[in-house]
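Encoded as structure tokens, the structure appears first; notes follow it.
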Amino acid sequence: MAPLDGGPGPARAALSALLRPLFLPLCLAGAGCLVGQWLPLDVRTHGDWYGWLSSALLAIGLYGSAQGIARPQARGDLYRIVVAITFGVVVKAAFIAGTLWLAFPNRPEYLVLAVAMAQIDPLSVSAMLENRDMSPRAKSLLAAWASFDDPVTTVLVVILGSLVLQNTGSVASGAQDYTATLVGNLVLLAAAAAVWAALRDRGPVDTVPFTALRKPRRVRSILRYVALVALLAVATWQFLMLGLALSALFVRPALGAWLGRATNGALIVATFLLGVLLAGGADFTVGALLGVATFAAQIVVAAVVGRGFSRRDRTALCLSQQNGITAIILALLLEPVLPAAVAIVGPAILAVNVLHLASNALLARSRRHRPDGPVDTSTGRALGKHTDTGPQDVTEKRR
């Protein structure tokens, strides 16, 4: 029941805040599910175009994720980022896989789904960072963590999928030979670095309009766009996603708003395809368990990675798990060799995002009534326990 002043009640406002970020994805998946009822999609029959489309969507998503990586606020945080995207991803995957193994010991293929969920959605993180009550240093750490754990997770999915699943050739071309895959990623990275060094501008031109550039620089700018398209095409063709993500750290033509549009377009297509495949049914039992385990794994890892930050920042990092474009596309890629992938990952993504929104809403509400102690807003470090020390007490301490 609404209050007397005509405004929405607290419960209604909380429910609205909870459902608003989920509205568009649920509508896209629902539309896909309706289409799937009339036009069912058999990914094994249409494996050729489906595999190419899934790989291309993943390439666009990974490039957009890596583009979000910026220089850390503090030099010491580089070590934290490396730990988070390597050891942290492995620990999260092991935690989720262990939970599924205890519940379903006879389904080893579920371990691949655990790895597919062991990353944070960079699009969701970038959208919520502006309104998140975190220090700039913690925001920088979370943005880099969410941006670069995607390719690490992708590589782990390919490796573990080749070990656990049968006939994984459709998951990634050339993924069976790990040495060849690593060499291919390194060759792609070296080629991209050489081409970009040749096409790099020698002076600052970021503020100069494209039409105002001189002809040599205009041609060089066009060639940079061609190099990016070629990079995405080769990475999709040979499934060299790690090399693509590393190349995205420096292969950065001036795309402006087009990069965001392409990434959002890939998310829309992937979510719609997810809905089409969900028309065949969803496994809410395994999906809910996978989602809860994923959210709990982030709490465990972030509690370690966030050591040295303020309690406010550590709590925010622990409750920052979100899943989106990468988890969706990895489920689409796994569907031909693991038919239960979409049916499980779809509900798992919903469970994770509901837990994220609900826990952060409760956290924000509790902070209004219980403010933390003073915090250095630039570093996120706690300055000490808050006390109601008056001016005279401060003077006495200085003396």
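Scheme for the structure tokens: letters A, B, ... for chains in order shown; per-chain residue numbers from 1; ligand numbers from 1 in order shown.
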
Which residues of region 36-138 of chain A come within 10 Å of region 298-318 of chain A, and for each one, what is the closest pair of atoms and their distance in Å to one decimal, counting only C-alpha atoms, sorted by chain and residue number, as CSV?
residue,atom,partner,partner_atom,distance
A:Asp77,CA,A:Val305,CA,9.7
A:Tyr79,CA,A:Val305,CA,9.7
A:Arg80,CA,A:Val305,CA,6.2
A:Ile81,CA,A:Val305,CA,8.4
A:Val83,CA,A:Val305,CA,7.6
A:Ala84,CA,A:Val305,CA,6.7
A:Phe87,CA,A:Val301,CA,9.2
A:Gly88,CA,A:Val301,CA,6.0
A:Val89,CA,A:Val301,CA,8.5
A:Val90,CA,A:Val301,CA,9.9
A:Val91,CA,A:Val301,CA,7.2
A:Lys92,CA,A:Gln298,CA,6.6
A:Ala93,CA,A:Gln298,CA,9.9
A:Phe95,CA,A:Val300,CA,9.0
A:Ile96,CA,A:Gln298,CA,9.9
A:Ala118,CA,A:Gln298,CA,8.4
A:Gln119,CA,A:Gln298,CA,8.9
A:Ile120,CA,A:Gln298,CA,8.9
A:Arg132,CA,A:Ala316,CA,8.2
A:Asp133,CA,A:Ala316,CA,7.9
A:Met134,CA,A:Asp313,CA,5.6
A:Ser135,CA,A:Asp313,CA,6.9
A:Pro136,CA,A:Asp313,CA,9.9
A:Arg137,CA,A:Phe309,CA,9.1
A:Ala138,CA,A:Asp313,CA,6.3

Those same residues - C-alpha atoms - I'd like them written as a PDB file, in the first residue's frame.
ATOM      1  CA  ASP A  77      47.234  -2.480  -7.876  1.00  0.00           C
ATOM      2  CA  TYR A  79      49.788  -6.946  -8.934  1.00  0.00           C
ATOM      3  CA  ARG A  80      46.242  -7.226  -7.567  1.00  0.00           C
ATOM      4  CA  ILE A  81      44.807  -7.151 -11.090  1.00  0.00           C
ATOM      5  CA  VAL A  83      46.257 -12.033  -9.247  1.00  0.00           C
ATOM      6  CA  ALA A  84      42.530 -11.427  -9.794  1.00  0.00           C
ATOM      7  CA  PHE A  87      44.763 -17.045  -9.694  1.00  0.00           C
ATOM      8  CA  GLY A  88      41.432 -15.454  -8.790  1.00  0.00           C
ATOM      9  CA  VAL A  89      39.676 -16.835 -11.882  1.00  0.00           C
ATOM     10  CA  VAL A  90      41.087 -20.300 -11.210  1.00  0.00           C
ATOM     11  CA  VAL A  91      39.984 -20.185  -7.554  1.00  0.00           C
ATOM     12  CA  LYS A  92      36.495 -19.003  -8.526  1.00  0.00           C
ATOM     13  CA  ALA A  93      36.193 -21.739 -11.144  1.00  0.00           C
ATOM     14  CA  PHE A  95      34.969 -23.167  -6.000  1.00  0.00           C
ATOM     15  CA  ILE A  96      32.011 -23.269  -8.412  1.00  0.00           C
ATOM     16  CA  ALA A 118      33.821 -17.479 -13.418  1.00  0.00           C
ATOM     17  CA  GLN A 119      34.080 -13.945 -14.800  1.00  0.00           C
ATOM     18  CA  ILE A 120      32.505 -10.556 -14.209  1.00  0.00           C
ATOM     19  CA  ARG A 132      28.692   2.881  -7.006  1.00  0.00           C
ATOM     20  CA  ASP A 133      29.892   4.162  -3.624  1.00  0.00           C
ATOM     21  CA  MET A 134      33.536   3.126  -4.057  1.00  0.00           C
ATOM     22  CA  SER A 135      36.870   4.917  -4.083  1.00  0.00           C
ATOM     23  CA  PRO A 136      38.417   5.695  -7.505  1.00  0.00           C
ATOM     24  CA  ARG A 137      41.144   3.168  -6.758  1.00  0.00           C
ATOM     25  CA  ALA A 138      38.638   0.370  -6.098  1.00  0.00           C
TER      26      ALA A 138
END

Might you pull out every residue within 8 Å of Thr271 (chain A), with only C-alpha atoms counted and same-chain residues fewer than 5 positions away left off, and present them as a PDB file with C-alpha atoms, in the first residue's frame?
ATOM      1  CA  PRO A  25      17.463  -8.678 -21.114  1.00  0.00           C
ATOM      2  CA  LEU A  28      15.024  -9.948 -25.433  1.00  0.00           C
ATOM      3  CA  ALA A  29      15.252 -13.493 -24.102  1.00  0.00           C
ATOM      4  CA  GLY A  32      13.728 -15.148 -28.589  1.00  0.00           C
ATOM      5  CA  ILE A 325      27.649 -11.070 -22.584  1.00  0.00           C
ATOM      6  CA  ILE A 328      25.912 -15.929 -22.703  1.00  0.00           C
TER       7      ILE A 328
END

Practice task
Could you give me, as a ChimeraX atom specification, the residues within 12 Å of Asn360 (chain A), counting only C-alpha atoms and dropping anything in the same chain fewer than 2 positions from it?
Solution key: /A:14,17-18,128,131-133,312,315-322,353-358,362-367

Practice task
Write down as a PyMOL selection string the residues of region 73-320 of chain A whose backbone DSSP state falls under alpha helix (DSSP H).
Solution key: chain A and resi 77-83+89-103+110-116+122-128+136-164+178-199+215-238+241-247+257-278+284-305+311-318

Handout entry: All residues 8 Å or closer to Leu277 (chain A), only C-alpha atoms, same chain fewer than 6 positions away omitted, as a PyMOL selection string
Key = chain A and resi 32-33+36+40-41+342-343

Using only C-alpha atoms, which residues sit within 10 Å of region 237-250 of chain A once same-chain residues fewer than 5 positions away are excluded, as a PDB file with N, CA and C atoms, in the first residue's frame?
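Generated file (result-v8.pdb):
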ATOM      1  N   TRP A  52      30.270 -19.792 -36.548  1.00  0.00           N
ATOM      2  CA  TRP A  52      30.920 -18.552 -36.961  1.00  0.00           C
ATOM      3  C   TRP A  52      30.295 -17.347 -36.258  1.00  0.00           C
ATOM      4  N   SER A  55      31.368 -17.248 -32.556  1.00  0.00           N
ATOM      5  CA  SER A  55      32.762 -16.822 -32.422  1.00  0.00           C
ATOM      6  C   SER A  55      32.916 -15.334 -32.704  1.00  0.00           C
ATOM      7  N   ALA A  56      32.190 -14.825 -33.713  1.00  0.00           N
ATOM      8  CA  ALA A  56      32.268 -13.395 -34.028  1.00  0.00           C
ATOM      9  C   ALA A  56      31.706 -12.555 -32.885  1.00  0.00           C
ATOM     10  N   LEU A  58      31.682 -13.371 -29.741  1.00  0.00           N
ATOM     11  CA  LEU A  58      32.651 -13.419 -28.654  1.00  0.00           C
ATOM     12  C   LEU A  58      33.833 -12.505 -28.938  1.00  0.00           C
ATOM     13  N   ALA A  59      34.298 -12.471 -30.190  1.00  0.00           N
ATOM     14  CA  ALA A  59      35.416 -11.600 -30.547  1.00  0.00           C
ATOM     15  C   ALA A  59      35.069 -10.133 -30.299  1.00  0.00           C
ATOM     16  N   ILE A  60      33.869  -9.721 -30.708  1.00  0.00           N
ATOM     17  CA  ILE A  60      33.443  -8.333 -30.480  1.00  0.00           C
ATOM     18  C   ILE A  60      33.336  -8.046 -28.984  1.00  0.00           C
ATOM     19  N   GLY A  61      32.776  -8.989 -28.237  1.00  0.00           N
ATOM     20  CA  GLY A  61      32.626  -8.786 -26.798  1.00  0.00           C
ATOM     21  C   GLY A  61      33.960  -8.686 -26.087  1.00  0.00           C
ATOM     22  N   LEU A  62      34.911  -9.551 -26.447  1.00  0.00           N
ATOM     23  CA  LEU A  62      36.223  -9.519 -25.802  1.00  0.00           C
ATOM     24  C   LEU A  62      36.982  -8.249 -26.160  1.00  0.00           C
ATOM     25  N   TYR A  63      36.893  -7.820 -27.415  1.00  0.00           N
ATOM     26  CA  TYR A  63      37.572  -6.581 -27.799  1.00  0.00           C
ATOM     27  C   TYR A  63      36.989  -5.389 -27.046  1.00  0.00           C
ATOM     28  N   GLY A  64      35.669  -5.347 -26.959  1.00  0.00           N
ATOM     29  CA  GLY A  64      35.045  -4.264 -26.201  1.00  0.00           C
ATOM     30  C   GLY A  64      35.402  -4.297 -24.728  1.00  0.00           C
ATOM     31  N   SER A  65      35.570  -5.497 -24.169  1.00  0.00           N
ATOM     32  CA  SER A  65      35.953  -5.620 -22.761  1.00  0.00           C
ATOM     33  C   SER A  65      37.361  -5.105 -22.535  1.00  0.00           C
ATOM     34  N   ALA A  66      38.290  -5.542 -23.387  1.00  0.00           N
ATOM     35  CA  ALA A  66      39.680  -5.134 -23.214  1.00  0.00           C
ATOM     36  C   ALA A  66      39.866  -3.645 -23.450  1.00  0.00           C
ATOM     37  N   GLN A  67      38.994  -3.034 -24.257  1.00  0.00           N
ATOM     38  CA  GLN A  67      39.082  -1.594 -24.488  1.00  0.00           C
ATOM     39  C   GLN A  67      38.826  -0.805 -23.214  1.00  0.00           C
ATOM     40  N   GLY A  68      38.120  -1.412 -22.247  1.00  0.00           N
ATOM     41  CA  GLY A  68      37.811  -0.716 -21.004  1.00  0.00           C
ATOM     42  C   GLY A  68      38.946  -0.682 -20.014  1.00  0.00           C
ATOM     43  N   ILE A  69      40.041  -1.363 -20.314  1.00  0.00           N
ATOM     44  CA  ILE A  69      41.166  -1.408 -19.382  1.00  0.00           C
ATOM     45  C   ILE A  69      41.943  -0.104 -19.465  1.00  0.00           C
ATOM     46  N   ALA A  70      42.141   0.530 -18.338  1.00  0.00           N
ATOM     47  CA  ALA A  70      42.924   1.758 -18.250  1.00  0.00           C
ATOM     48  C   ALA A  70      44.045   1.556 -17.239  1.00  0.00           C
ATOM     49  N   SER A 147      37.274  -6.446 -17.056  1.00  0.00           N
ATOM     50  CA  SER A 147      37.590  -6.354 -18.475  1.00  0.00           C
ATOM     51  C   SER A 147      38.469  -7.502 -18.955  1.00  0.00           C
ATOM     52  N   PHE A 148      39.416  -7.939 -18.119  1.00  0.00           N
ATOM     53  CA  PHE A 148      40.410  -8.879 -18.628  1.00  0.00           C
ATOM     54  C   PHE A 148      40.254 -10.289 -18.097  1.00  0.00           C
ATOM     55  N   ASP A 150      37.688 -11.998 -18.826  1.00  0.00           N
ATOM     56  CA  ASP A 150      36.921 -12.658 -19.879  1.00  0.00           C
ATOM     57  C   ASP A 150      37.795 -13.535 -20.784  1.00  0.00           C
ATOM     58  N   PRO A 151      38.906 -13.012 -21.374  1.00  0.00           N
ATOM     59  CA  PRO A 151      39.728 -13.892 -22.214  1.00  0.00           C
ATOM     60  C   PRO A 151      40.360 -15.032 -21.439  1.00  0.00           C
ATOM     61  N   VAL A 152      40.729 -14.810 -20.168  1.00  0.00           N
ATOM     62  CA  VAL A 152      41.289 -15.892 -19.359  1.00  0.00           C
ATOM     63  C   VAL A 152      40.253 -17.001 -19.187  1.00  0.00           C
ATOM     64  N   THR A 153      39.012 -16.610 -18.899  1.00  0.00           N
ATOM     65  CA  THR A 153      37.944 -17.589 -18.759  1.00  0.00           C
ATOM     66  C   THR A 153      37.704 -18.332 -20.070  1.00  0.00           C
ATOM     67  N   THR A 154      37.745 -17.614 -21.186  1.00  0.00           N
ATOM     68  CA  THR A 154      37.538 -18.243 -22.488  1.00  0.00           C
ATOM     69  C   THR A 154      38.586 -19.304 -22.769  1.00  0.00           C
ATOM     70  N   VAL A 155      39.846 -18.983 -22.481  1.00  0.00           N
ATOM     71  CA  VAL A 155      40.917 -19.959 -22.703  1.00  0.00           C
ATOM     72  C   VAL A 155      40.729 -21.182 -21.807  1.00  0.00           C
ATOM     73  N   VAL A 158      38.034 -23.455 -23.208  1.00  0.00           N
ATOM     74  CA  VAL A 158      38.513 -24.237 -24.344  1.00  0.00           C
ATOM     75  C   VAL A 158      39.357 -25.413 -23.868  1.00  0.00           C
ATOM     76  N   VAL A 171      33.805 -26.114 -30.770  1.00  0.00           N
ATOM     77  CA  VAL A 171      33.972 -25.071 -29.762  1.00  0.00           C
ATOM     78  C   VAL A 171      35.034 -24.081 -30.192  1.00  0.00           C
ATOM     79  N   ALA A 172      36.130 -24.588 -30.749  1.00  0.00           N
ATOM     80  CA  ALA A 172      37.207 -23.714 -31.182  1.00  0.00           C
ATOM     81  C   ALA A 172      38.062 -24.460 -32.173  1.00  0.00           C
ATOM     82  N   SER A 173      38.282 -23.869 -33.326  1.00  0.00           N
ATOM     83  CA  SER A 173      39.133 -24.505 -34.306  1.00  0.00           C
ATOM     84  C   SER A 173      40.572 -24.451 -33.831  1.00  0.00           C
ATOM     85  N   GLY A 174      41.245 -25.576 -33.850  1.00  0.00           N
ATOM     86  CA  GLY A 174      42.633 -25.627 -33.430  1.00  0.00           C
ATOM     87  C   GLY A 174      42.827 -25.677 -31.944  1.00  0.00           C
ATOM     88  N   ALA A 175      41.783 -25.867 -31.166  1.00  0.00           N
ATOM     89  CA  ALA A 175      41.920 -25.835 -29.716  1.00  0.00           C
ATOM     90  C   ALA A 175      42.470 -27.139 -29.160  1.00  0.00           C
ATOM     91  N   THR A 181      47.846 -23.614 -30.344  1.00  0.00           N
ATOM     92  CA  THR A 181      46.958 -22.506 -29.982  1.00  0.00           C
ATOM     93  C   THR A 181      47.735 -21.360 -29.350  1.00  0.00           C
ATOM     94  N   LEU A 182      48.667 -21.680 -28.449  1.00  0.00           N
ATOM     95  CA  LEU A 182      49.478 -20.641 -27.821  1.00  0.00           C
ATOM     96  C   LEU A 182      50.350 -19.934 -28.846  1.00  0.00           C
ATOM     97  N   VAL A 183      50.969 -20.708 -29.737  1.00  0.00           N
ATOM     98  CA  VAL A 183      51.798 -20.102 -30.778  1.00  0.00           C
ATOM     99  C   VAL A 183      50.954 -19.214 -31.681  1.00  0.00           C
ATOM    100  N   GLY A 184      49.762 -19.681 -32.030  1.00  0.00           N
ATOM    101  CA  GLY A 184      48.888 -18.864 -32.868  1.00  0.00           C
ATOM    102  C   GLY A 184      48.514 -17.548 -32.214  1.00  0.00           C
ATOM    103  N   ASN A 185      48.227 -17.562 -30.927  1.00  0.00           N
ATOM    104  CA  ASN A 185      47.920 -16.316 -30.215  1.00  0.00           C
ATOM    105  C   ASN A 185      49.112 -15.378 -30.182  1.00  0.00           C
ATOM    106  N   LEU A 186      50.295 -15.931 -29.981  1.00  0.00           N
ATOM    107  CA  LEU A 186      51.498 -15.092 -29.959  1.00  0.00           C
ATOM    108  C   LEU A 186      51.791 -14.499 -31.334  1.00  0.00           C
ATOM    109  N   VAL A 187      51.594 -15.299 -32.392  1.00  0.00           N
ATOM    110  CA  VAL A 187      51.810 -14.791 -33.753  1.00  0.00           C
ATOM    111  C   VAL A 187      50.825 -13.671 -34.059  1.00  0.00           C
ATOM    112  N   LEU A 188      49.564 -13.861 -33.676  1.00  0.00           N
ATOM    113  CA  LEU A 188      48.567 -12.813 -33.895  1.00  0.00           C
ATOM    114  C   LEU A 188      48.932 -11.550 -33.135  1.00  0.00           C
ATOM    115  N   LEU A 189      49.385 -11.699 -31.899  1.00  0.00           N
ATOM    116  CA  LEU A 189      49.779 -10.543 -31.099  1.00  0.00           C
ATOM    117  C   LEU A 189      50.961  -9.817 -31.720  1.00  0.00           C
ATOM    118  N   ALA A 190      51.978 -10.571 -32.169  1.00  0.00           N
ATOM    119  CA  ALA A 190      53.161  -9.952 -32.774  1.00  0.00           C
ATOM    120  C   ALA A 190      52.796  -9.248 -34.082  1.00  0.00           C
ATOM    121  N   ALA A 191      51.957  -9.888 -34.899  1.00  0.00           N
ATOM    122  CA  ALA A 191      51.550  -9.264 -36.157  1.00  0.00           C
ATOM    123  C   ALA A 191      50.755  -7.989 -35.911  1.00  0.00           C
ATOM    124  N   ALA A 192      49.860  -8.032 -34.937  1.00  0.00           N
ATOM    125  CA  ALA A 192      49.077  -6.839 -34.626  1.00  0.00           C
ATOM    126  C   ALA A 192      49.972  -5.710 -34.125  1.00  0.00           C
ATOM    127  N   ALA A 193      50.971  -6.048 -33.302  1.00  0.00           N
ATOM    128  CA  ALA A 193      51.885  -5.025 -32.788  1.00  0.00           C
ATOM    129  C   ALA A 193      52.702  -4.404 -33.913  1.00  0.00           C
ATOM    130  N   TRP A 196      50.350  -2.201 -36.105  1.00  0.00           N
ATOM    131  CA  TRP A 196      49.933  -0.981 -35.401  1.00  0.00           C
ATOM    132  C   TRP A 196      51.090   0.004 -35.247  1.00  0.00           C
ATOM    133  N   ALA A 197      52.303  -0.507 -35.049  1.00  0.00           N
ATOM    134  CA  ALA A 197      53.465   0.375 -34.952  1.00  0.00           C
ATOM    135  C   ALA A 197      53.696   1.100 -36.271  1.00  0.00           C
ATOM    136  N   LEU A 228      41.939  -3.310 -37.730  1.00  0.00           N
ATOM    137  CA  LEU A 228      41.066  -3.813 -36.669  1.00  0.00           C
ATOM    138  C   LEU A 228      40.106  -4.873 -37.199  1.00  0.00           C
ATOM    139  N   LEU A 231      42.007  -8.000 -37.726  1.00  0.00           N
ATOM    140  CA  LEU A 231      42.309  -8.637 -36.447  1.00  0.00           C
ATOM    141  C   LEU A 231      41.109  -9.426 -35.933  1.00  0.00           C
ATOM    142  N   LEU A 232      39.924  -8.824 -35.976  1.00  0.00           N
ATOM    143  CA  LEU A 232      38.720  -9.506 -35.523  1.00  0.00           C
ATOM    144  C   LEU A 232      38.414 -10.727 -36.399  1.00  0.00           C
TER     145      LEU A 232
END
